[in-house]
>>> print(open('query_27.csv').read())   # CSV, C-alpha atoms
chain,number,residue,atom,x,y,z
T,1,MET,CA,102.2,80.2,119.5
T,2,SER,CA,103.5,83.7,119.2
T,3,SER,CA,101.6,86.8,120.4
T,4,THR,CA,100.9,87.7,116.8
T,5,GLU,CA,99.1,84.4,116.3
T,6,LEU,CA,96.7,84.5,119.2
T,7,PRO,CA,93.1,83.6,118.1
T,8,SER,CA,91.2,86.8,117.5
T,9,VAL,CA,88.3,85.5,119.6
T,10,LEU,CA,90.4,85.9,122.7
T,11,ALA,CA,91.2,89.5,122.0
T,12,ALA,CA,87.6,90.2,121.2
T,13,THR,CA,86.3,89.0,124.5
T,14,VAL,CA,88.7,91.1,126.6
T,15,THR,CA,87.2,94.3,128.0
T,16,PRO,CA,90.2,96.1,129.5
T,17,ARG,CA,90.0,99.1,131.8
T,18,VAL,CA,92.0,101.9,130.2
T,19,ALA,CA,92.0,105.6,130.2
T,20,THR,CA,89.2,107.4,128.3
T,21,VAL,CA,89.7,108.6,124.7
T,22,ARG,CA,90.4,112.4,124.3
T,23,VAL,CA,87.5,114.3,122.7
T,24,ALA,CA,88.4,117.7,121.3
T,25,GLU,CA,86.2,120.8,121.8
T,26,GLY,CA,83.2,120.6,119.6
T,27,GLU,CA,83.5,116.8,119.1
T,28,ARG,CA,81.4,114.0,120.5
T,29,LEU,CA,81.8,110.2,120.5
T,30,ARG,CA,79.3,107.5,120.3
T,31,SER,CA,79.4,103.7,120.0
T,32,VAL,CA,77.5,102.0,117.1
T,33,GLY,CA,76.8,98.3,117.4
T,34,LEU,CA,76.6,96.4,114.1
T,35,PRO,CA,76.6,92.7,113.1
T,36,GLY,CA,80.0,91.4,114.1
T,37,ILE,CA,81.5,94.8,115.0
T,38,THR,CA,81.2,97.7,117.3
T,39,LEU,CA,82.5,101.0,116.0
T,40,THR,CA,83.3,104.3,117.8
T,41,VAL,CA,82.2,107.3,115.7
T,42,ARG,CA,83.7,110.8,116.3
T,43,SER,CA,81.5,113.6,115.0
T,44,ARG,CA,81.0,117.4,115.0
T,45,PRO,CA,77.5,118.8,115.3
T,46,PRO,CA,76.5,120.2,111.8
T,47,THR,CA,76.3,124.0,111.7
T,48,ARG,CA,73.0,123.8,109.7
T,49,GLU,CA,70.5,121.4,108.4
T,50,GLY,CA,71.0,119.6,105.1
T,51,LEU,CA,74.7,119.5,104.9
T,52,PRO,CA,76.1,116.6,102.8
T,53,PRO,CA,77.7,113.9,105.0
T,54,ALA,CA,81.4,113.1,105.1
T,55,LEU,CA,83.2,110.1,106.6
T,56,TYR,CA,86.9,109.9,107.5
T,57,VAL,CA,88.9,106.7,107.7
T,58,HIS,CA,92.3,106.7,109.5
T,59,GLY,CA,95.5,104.7,108.8
T,60,LEU,CA,97.4,101.9,110.4
T,61,GLY,CA,97.9,102.5,114.1
T,62,GLY,CA,95.8,105.7,113.9
T,63,SER,CA,92.3,106.6,115.0
T,64,SER,CA,89.5,109.0,114.3
T,65,GLN,CA,91.6,111.6,116.2
T,66,ASN,CA,93.8,111.9,113.2
T,67,TRP,CA,91.1,114.0,111.5
T,68,SER,CA,90.4,116.4,114.4
T,69,ALA,CA,92.5,119.1,112.8
T,70,LEU,CA,90.8,118.9,109.4
T,71,MET,CA,87.1,118.4,110.4
T,72,PRO,CA,86.5,121.8,112.0
T,73,LEU,CA,87.9,123.5,108.9
T,74,LEU,CA,85.0,121.9,106.9
T,75,ASP,CA,82.3,123.0,109.3
T,76,GLY,CA,79.5,124.6,107.3
T,77,LEU,CA,80.5,122.5,104.2
T,78,VAL,CA,79.9,118.9,105.3
T,79,ASP,CA,78.5,117.0,108.2
T,80,SER,CA,81.6,115.3,109.5
T,81,GLU,CA,82.0,111.8,111.1
T,82,ALA,CA,85.2,109.9,111.6
T,83,LEU,CA,85.4,106.2,112.4
T,84,ASP,CA,87.7,104.2,114.6
T,85,LEU,CA,88.3,101.0,112.5
T,86,PRO,CA,87.8,97.7,114.4
T,87,GLY,CA,90.6,97.2,116.8
T,88,PHE,CA,91.8,100.8,116.7
T,89,GLY,CA,91.0,103.9,118.6
T,90,ASP,CA,88.1,103.1,120.9
T,91,SER,CA,86.6,100.4,118.7
T,92,PRO,CA,87.0,96.8,120.0
T,93,PRO,CA,88.3,94.0,117.7
T,94,PRO,CA,85.9,92.6,115.1
T,95,ASP,CA,84.3,89.3,116.1
T,96,ASP,CA,85.8,87.5,113.1
T,97,GLY,CA,89.3,88.8,113.5
T,98,ASP,CA,89.4,90.1,109.9
T,99,TYR,CA,91.8,93.0,109.7
T,100,GLY,CA,92.3,92.8,105.9
T,101,ILE,CA,91.5,95.6,103.5
T,102,THR,CA,88.3,93.8,102.6
T,103,GLY,CA,87.4,93.3,106.3
T,104,HIS,CA,87.9,97.0,107.1
T,105,ALA,CA,86.1,98.0,103.9
T,106,ARG,CA,83.2,95.8,104.9
T,107,ALA,CA,83.0,97.6,108.3
T,108,VAL,CA,82.9,101.0,106.6
T,109,ILE,CA,80.2,99.8,104.2
T,110,ARG,CA,78.2,98.2,107.0
T,111,TYR,CA,78.3,101.5,108.9
T,112,LEU,CA,77.3,103.6,105.9
T,113,ASP,CA,74.4,101.3,105.0
T,114,ALA,CA,73.2,101.3,108.7
T,115,ALA,CA,73.6,105.1,109.1
T,116,GLY,CA,71.3,105.8,106.2
T,117,ARG,CA,72.9,109.2,105.5
T,118,GLY,CA,73.2,108.4,101.7
T,119,SER,CA,76.3,108.8,99.7
T,120,VAL,CA,79.2,110.6,101.5
T,121,HIS,CA,82.3,112.6,100.9
T,122,LEU,CA,84.8,109.8,101.8
T,123,PHE,CA,88.3,110.6,103.1
T,124,GLY,CA,91.0,108.0,103.8
T,125,ASN,CA,94.6,108.2,104.9
T,126,SER,CA,97.2,105.4,104.3
T,127,LEU,CA,95.5,102.1,105.2
T,128,GLY,CA,92.3,104.1,105.3
T,129,GLY,CA,93.1,105.3,101.7
T,130,ALA,CA,93.2,101.7,100.5
T,131,VAL,CA,90.0,100.9,102.4
T,132,ALA,CA,88.3,104.0,100.9
T,133,THR,CA,89.4,103.0,97.4
T,134,ARG,CA,87.9,99.6,97.7
T,135,VAL,CA,84.6,101.0,99.1
T,136,ALA,CA,84.4,103.5,96.3
T,137,ALA,CA,85.1,100.8,93.7
T,138,VAL,CA,82.6,98.2,94.9
T,139,ARG,CA,79.9,100.6,96.2
T,140,PRO,CA,79.9,103.7,94.1
T,141,ASP,CA,76.4,104.5,95.3
T,142,LEU,CA,77.9,105.3,98.7
T,143,VAL,CA,80.6,107.8,97.6
T,144,ARG,CA,80.1,111.3,96.3
T,145,THR,CA,83.7,112.3,96.3
T,146,LEU,CA,86.9,110.6,97.4
T,147,THR,CA,89.8,112.3,99.1
T,148,LEU,CA,92.9,110.1,99.6
T,149,VAL,CA,95.9,111.3,101.7
T,150,SER,CA,99.0,109.1,101.1
T,151,PRO,CA,96.9,106.1,100.2
T,152,ALA,CA,98.5,102.7,100.8
T,153,LEU,CA,98.2,101.5,97.2
T,154,PRO,CA,100.7,98.8,96.0
T,155,GLU,CA,104.2,99.8,95.2
T,156,ILE,CA,106.7,97.6,93.4
T,157,ARG,CA,109.7,99.2,95.0
T,158,VAL,CA,108.7,100.0,98.6
T,159,GLN,CA,110.8,102.6,100.4
T,160,ARG,CA,113.4,101.4,102.8
T,161,THR,CA,111.8,103.4,105.6
T,162,ALA,CA,108.5,101.5,105.1
T,163,TRP,CA,110.1,98.1,105.6
T,164,PRO,CA,109.7,98.0,109.4
T,165,THR,CA,106.0,98.5,109.1
T,166,ALA,CA,105.7,95.8,106.4
T,167,LEU,CA,107.7,93.4,108.6
T,168,LEU,CA,105.0,93.5,111.2
T,169,ALA,CA,103.1,91.2,108.8
T,170,VAL,CA,105.6,88.5,109.2
T,171,PRO,CA,104.5,85.9,111.9
T,172,GLY,CA,106.4,86.3,115.1
T,173,VAL,CA,107.9,89.7,114.3
T,174,ALA,CA,105.4,91.7,116.4
T,175,GLY,CA,106.1,89.4,119.4
T,176,LEU,CA,109.8,89.8,118.9
T,177,PHE,CA,109.5,93.6,118.6
T,178,THR,CA,107.4,93.8,121.7
T,179,ARG,CA,110.0,91.9,123.7
T,180,LEU,CA,112.9,94.0,122.3
T,181,THR,CA,111.1,97.3,123.0
T,182,LYS,CA,109.5,96.3,126.4
T,183,ASP,CA,111.5,99.0,128.1
T,184,TRP,CA,110.5,101.8,125.7
T,185,GLY,CA,108.2,104.3,127.2
T,186,ALA,CA,105.2,105.9,125.5
T,187,GLU,CA,107.1,109.1,124.9
T,188,GLN,CA,109.9,107.3,123.1
T,189,ARG,CA,107.4,105.4,120.9
T,190,VAL,CA,105.6,108.6,120.0
T,191,ARG,CA,108.9,110.3,119.1
T,192,GLY,CA,109.6,107.4,116.7
T,193,VAL,CA,106.1,107.5,115.2
T,194,THR,CA,106.3,111.3,114.8
T,195,ALA,CA,109.7,111.1,113.1
T,196,LEU,CA,108.3,108.5,110.7
T,197,CYS,CA,105.0,110.1,109.8
T,198,TYR,CA,105.7,113.9,109.8
T,199,GLY,CA,107.6,115.8,107.2
T,200,ASP,CA,108.9,118.0,110.1
T,201,PRO,CA,108.4,116.6,113.6
T,202,GLY,CA,109.2,120.0,115.0
T,203,ASN,CA,105.8,121.2,113.8
T,204,VAL,CA,104.1,119.1,116.5
T,205,SER,CA,103.1,121.4,119.3
T,206,PRO,CA,104.1,120.5,122.9
T,207,GLU,CA,100.4,120.1,123.7
T,208,GLY,CA,99.9,117.8,120.7
T,209,PHE,CA,102.9,115.8,121.7
T,210,ARG,CA,101.6,115.3,125.3
T,211,GLU,CA,98.2,114.3,124.0
T,212,ALA,CA,99.8,111.7,121.6
T,213,VAL,CA,101.8,110.3,124.6
T,214,GLU,CA,98.6,109.9,126.6
T,215,GLU,CA,96.9,108.2,123.7
T,216,MET,CA,99.9,105.9,123.2
T,217,GLU,CA,99.8,104.9,126.9
T,218,ARG,CA,96.1,104.1,126.6
T,219,ARG,CA,96.6,102.0,123.5
T,220,LEU,CA,99.6,100.1,125.0
T,221,ALA,CA,97.3,99.0,127.8
T,222,LEU,CA,94.9,97.3,125.3
T,223,PRO,CA,95.7,93.5,125.1
T,224,TYR,CA,94.8,93.4,121.4
T,225,PHE,CA,96.9,96.4,120.4
T,226,TRP,CA,99.7,94.4,118.7
T,227,ASP,CA,97.3,91.9,117.3
T,228,ALA,CA,95.3,94.6,115.5
T,229,MET,CA,98.5,96.2,114.2
T,230,THR,CA,100.0,92.9,113.0
T,231,ARG,CA,96.9,91.6,111.3
T,232,SER,CA,96.2,95.0,109.6
T,233,ALA,CA,99.8,95.2,108.4
T,234,ARG,CA,99.4,91.7,107.0
T,235,GLY,CA,96.2,92.8,105.3
T,236,ILE,CA,98.1,95.6,103.5
T,237,VAL,CA,100.8,93.2,102.4
T,238,ASN,CA,98.2,90.7,101.2
T,239,ALA,CA,96.4,93.4,99.2
T,240,TYR,CA,99.7,94.4,97.6
T,241,THR,CA,100.1,90.9,96.2
T,242,LEU,CA,96.5,90.5,95.0
T,243,GLY,CA,96.0,90.8,91.3
T,244,GLY,CA,93.1,90.7,88.9
T,245,GLN,CA,89.9,92.6,89.3
T,246,HIS,CA,90.4,92.6,93.1
T,247,GLY,CA,93.7,94.4,92.9
T,248,LEU,CA,93.7,97.9,94.4
T,249,TRP,CA,95.1,99.5,91.2
T,250,ARG,CA,92.4,97.8,89.1
T,251,GLN,CA,89.8,99.0,91.6
T,252,ALA,CA,91.2,102.5,91.5
T,253,GLU,CA,90.5,102.5,87.8
T,254,ARG,CA,86.8,101.6,88.5
T,255,VAL,CA,86.2,104.5,90.9
T,256,LEU,CA,83.6,106.9,89.5
T,257,ALA,CA,83.7,109.6,92.2
T,258,PRO,CA,85.7,112.8,91.7
T,259,THR,CA,88.9,112.1,93.5
T,260,LEU,CA,91.4,114.4,95.3
T,261,LEU,CA,94.9,112.8,95.8
T,262,VAL,CA,97.2,114.3,98.4
T,263,TYR,CA,100.9,113.2,98.5
T,264,GLY,CA,103.8,114.5,100.7
T,265,GLY,CA,107.3,114.9,99.4
T,266,ARG,CA,108.8,113.8,102.7
T,267,ASP,CA,106.5,110.7,103.1
T,268,GLN,CA,108.6,107.8,104.4
T,269,LEU,CA,105.8,105.3,104.1
T,270,VAL,CA,104.1,105.9,100.8
T,271,GLY,CA,106.4,106.8,97.9
T,272,TYR,CA,106.0,110.4,96.5
T,273,ARG,CA,106.7,108.9,93.1
T,274,MET,CA,103.4,107.1,93.2
T,275,ALA,CA,101.4,110.3,93.0
T,276,HIS,CA,101.4,110.5,89.2
T,277,ARG,CA,100.6,106.8,88.8
T,278,ALA,CA,97.6,107.4,91.1
T,279,ALA,CA,96.5,110.5,89.2
T,280,ARG,CA,96.5,108.4,86.0
T,281,ALA,CA,94.6,105.5,87.6
T,282,PHE,CA,91.7,107.4,89.1
T,283,ARG,CA,89.6,108.5,86.1
T,284,ASP,CA,88.5,111.9,87.6
T,285,SER,CA,91.4,113.0,89.8
T,286,ARG,CA,93.1,116.1,91.0
T,287,LEU,CA,96.6,115.9,92.6
T,288,LEU,CA,97.8,118.0,95.5
T,289,SER,CA,101.5,117.7,96.0
T,290,LEU,CA,103.0,119.0,99.2
T,291,PRO,CA,106.8,118.8,99.1
T,292,GLU,CA,107.3,119.5,102.8
T,293,ALA,CA,104.6,117.1,104.1
T,294,GLY,CA,105.0,113.6,105.4
T,295,HIS,CA,102.5,110.8,105.7
T,296,VAL,CA,99.7,112.7,107.4
T,297,ALA,CA,99.2,115.9,105.5
T,298,MET,CA,95.7,116.4,107.0
T,299,MET,CA,97.4,116.8,110.3
T,300,GLU,CA,100.4,118.8,109.1
T,301,TYR,CA,98.7,121.0,106.6
T,302,PRO,CA,95.0,120.8,107.4
T,303,GLU,CA,94.2,124.3,106.0
T,304,THR,CA,95.8,123.4,102.6
T,305,VAL,CA,93.9,120.1,102.4
T,306,ALA,CA,90.7,121.8,103.4
T,307,THR,CA,91.2,124.4,100.6
T,308,ALA,CA,91.9,121.6,98.1
T,309,PHE,CA,88.7,119.8,99.1
T,310,ARG,CA,86.6,123.0,98.7
T,311,GLU,CA,88.0,123.3,95.2
T,312,LEU,CA,87.2,119.6,94.5
T,313,LEU,CA,83.6,120.3,95.5
T,314,ALA,CA,83.4,123.5,93.4
T,315,GLU,CA,84.8,121.7,90.3
T,316,SER,CA,82.5,118.7,90.9
T,317,ALA,CA,79.5,121.0,91.0
T,318,GLU,CA,80.6,122.8,87.8
T,319,SER,CA,81.1,119.6,85.9
T,320,ALA,CA,77.7,118.3,87.0
T,321,LEU,CA,75.9,121.5,85.9
T,322,PRO,CA,76.1,120.8,82.1
T,323,ALA,CA,74.7,117.3,82.6
T,324,VAL,CA,71.8,118.7,84.6
T,325,MET,CA,71.1,121.5,82.0
T,326,GLY,CA,71.3,118.9,79.2
T,327,ALA,CA,68.8,116.7,80.9
T,328,GLY,CA,66.4,119.6,81.3
T,329,SER,CA,66.6,120.8,77.7
>>> encode(input="query_27.csv", output="structure tokens")
Amino acid sequence: MSSTELPSVLAATVTPRVATVRVAEGERLRSVGLPGITLTVRSRPPTREGLPPALYVHGLGGSSQNWSALMPLLDGLVDSEALDLPGFGDSPPPDDGDYGITGHARAVIRYLDAAGRGSVHLFGNSLGGAVATRVAAVRPDLVRTLTLVSPALPEIRVQRTAWPTALLAVPGVAGLFTRLTKDWGAEQRVRGVTALCYGDPGNVSPEGFREAVEEMERRLALPYFWDAMTRSARGIVNAYTLGGQHGLWRQAERVLAPTLLVYGGRDQLVGYRMAHRAARAFRDSRLLSLPEAGHVAMMEYPETVATAFRELLAESAESALPAVMGAGS
């Protein structure tokens, strides 16, 4: 049996001793136990009472830290929380080993229902974008607005640079890759990830690079790291092949929430050409195209994404006003 096929229950019962997760200034972490899952939640104290809630969902191999550059720019506008999906960041694997899009969406819904914060401004990047799309489609009551950064929605012609990630879904490939790269250090791995995900890797600060290396070292010490990566990659591939009402494009058409779509012109994982198809699929959408950005625009251009989100809120409020006035007339 290959390392990619280890029963998930084994990974879930391991409690490794690894370095602590970095918490940026103004952030705090807490652990939330729910049926079948335990989630780590990163948050910032709200600047005032009554702010509408926001929830951020990261992509494949990422964590709630991926939103640390954007969240403070929205202080005073929303009450921000970011999840570590099961098996990623500081969240342990799910009890049932389900890393599919539906499994991750179920975890998000379970958290939102338990938190009792009402409907949220939902953000998602890459895998998290696909997860957020499914959540918004099946539980519209939970989503006020939807912001998707390079969402992993199905593509007929996948970019060549995205194939290595897709190949993780093939049984045995993760084990083979682990053996072939056993001599790679965390620094080398981070350079590879940065080159793949950033439009210009040179924009990563020395401090940011050091922090990424420390986080990579921490993750590599987790016995379920590759299992979570492999099963989640397989979940994306499976979602790409799913048709009918459960297909992600069909679900995108069902989303009622005002939607902001952010695409990078240098994205090597999600095709830039998909931006206009997405803009047509989501019924109430706005498109932000960033020609110099890669796969993680919220990390590369957080100020621009924050400005676009503020505009989304303003437009949403304006469009709701006539309906409110009409109801009162």
>>> closest_residue(input="query_27.csv", among="T:Arg106, T:Arg134, T:Arg286, T:Arg48", to="Leu248 in chain T", atoms="all atoms listed in the file")
T:Arg134
>>> residues_around(input="query_27.csv", residues="Asp98 in chain T", least_positions_apart="3", cutoff="12 Å", atoms="all atoms listed in the file", output="list in words")
Pro7, Ser8, Val9, Ala12, Gly36, Ile37, Leu85, Pro86, Gly87, Pro93, Pro94, Asp95, Ile101, Thr102, Gly103, His104, Ala105, Arg106, Ala107, Asp227, Ala228, Met229, Thr230, Arg231, Ser232, Ala233, Arg234 and Gly235 of chain T
>>> closest_residue(input="query_27.csv", among="T:Ser80, T:Thr194, T:Ser316, T:Thr259", to="Leu51 in chain T", atoms="all atoms listed in the file")
T:Ser80
>>> residues_around(input="query_27.csv", residues="range 111-116 of chain T", least_positions_apart="3", cutoff="10 Å", atoms="all atoms listed in the file", output="ChimeraX atom specification")
/T:32-35,37-39,41,55,83,105-108,119-120,142-143
>>> residues_around(input="query_27.csv", residues="Ser43 in chain T", least_positions_apart="2", cutoff="7 Å", atoms="all atoms listed in the file", output="PyMOL selection string")
chain T and resi 27-29+41+45+80-82
>>> atom_distance(input="query_27.csv", atom1="CA of Gly264 in chain T", atom2="CA of Ser289 in chain T")
6.1 Å
>>> residues_near_point(input="query_27.csv", point="(103.4, 109.4, 101.4)", cutoff="10 Å", atoms="all atoms listed in the file", output="list in words")
Asn125, Ser126, Val149, Ser150, Pro151, Ala152, Cys197, Tyr198, Gly199, Val262, Tyr263, Gly264, Gly265, Arg266, Asp267, Gln268, Leu269, Val270, Gly271, Tyr272, Arg273, Met274, Ala275, Leu290, Ala293, Gly294, His295, Val296 and Ala297 of chain T
>>> residues_around(input="query_27.csv", residues="range 184-193 of chain T", least_positions_apart="3", cutoff="8 Å", atoms="all atoms listed in the file", output="list in words")
Thr181, Leu196, Cys197, Phe209, Ala212, Val213, Glu214, Met216 and Glu217 of chain T
>>> closest_residue(input="query_27.csv", among="T:Arg22, T:Arg117, T:His58, T:Arg250", to="Arg210 in chain T", atoms="only C-alpha atoms")
T:Arg22
>>> atom_distance(input="query_27.csv", atom1="CA of Glu303 in chain T", atom2="CA of Pro291 in chain T")
15.4 Å
>>> closest_residue(input="query_27.csv", among="T:Val78, T:Glu155, T:Glu253, T:Gly62", to="Leu127 in chain T", atoms="only C-alpha atoms")
T:Gly62
>>> atom_distance(input="query_27.csv", atom1="CA of Ala278 in chain T", atom2="CA of Leu148 in chain T")
10.1 Å
>>> residues_around(input="query_27.csv", residues="Asp84 in chain T", least_positions_apart="5", cutoff="7 Å", atoms="only C-alpha atoms", output="CSV table (one decimal) with C-alpha atoms, in the frame of the given file")
chain,number,residue,atom,x,y,z
T,39,LEU,CA,82.5,101.0,116.0
T,40,THR,CA,83.3,104.3,117.8
T,41,VAL,CA,82.2,107.3,115.7
T,63,SER,CA,92.3,106.6,115.0
T,64,SER,CA,89.5,109.0,114.3
T,89,GLY,CA,91.0,103.9,118.6
T,90,ASP,CA,88.1,103.1,120.9
T,91,SER,CA,86.6,100.4,118.7
>>> closest_residue(input="query_27.csv", among="T:Leu287, T:Leu146, T:Ile236, T:Ala314", to="Gly124 in chain T", atoms="only C-alpha atoms")
T:Leu146
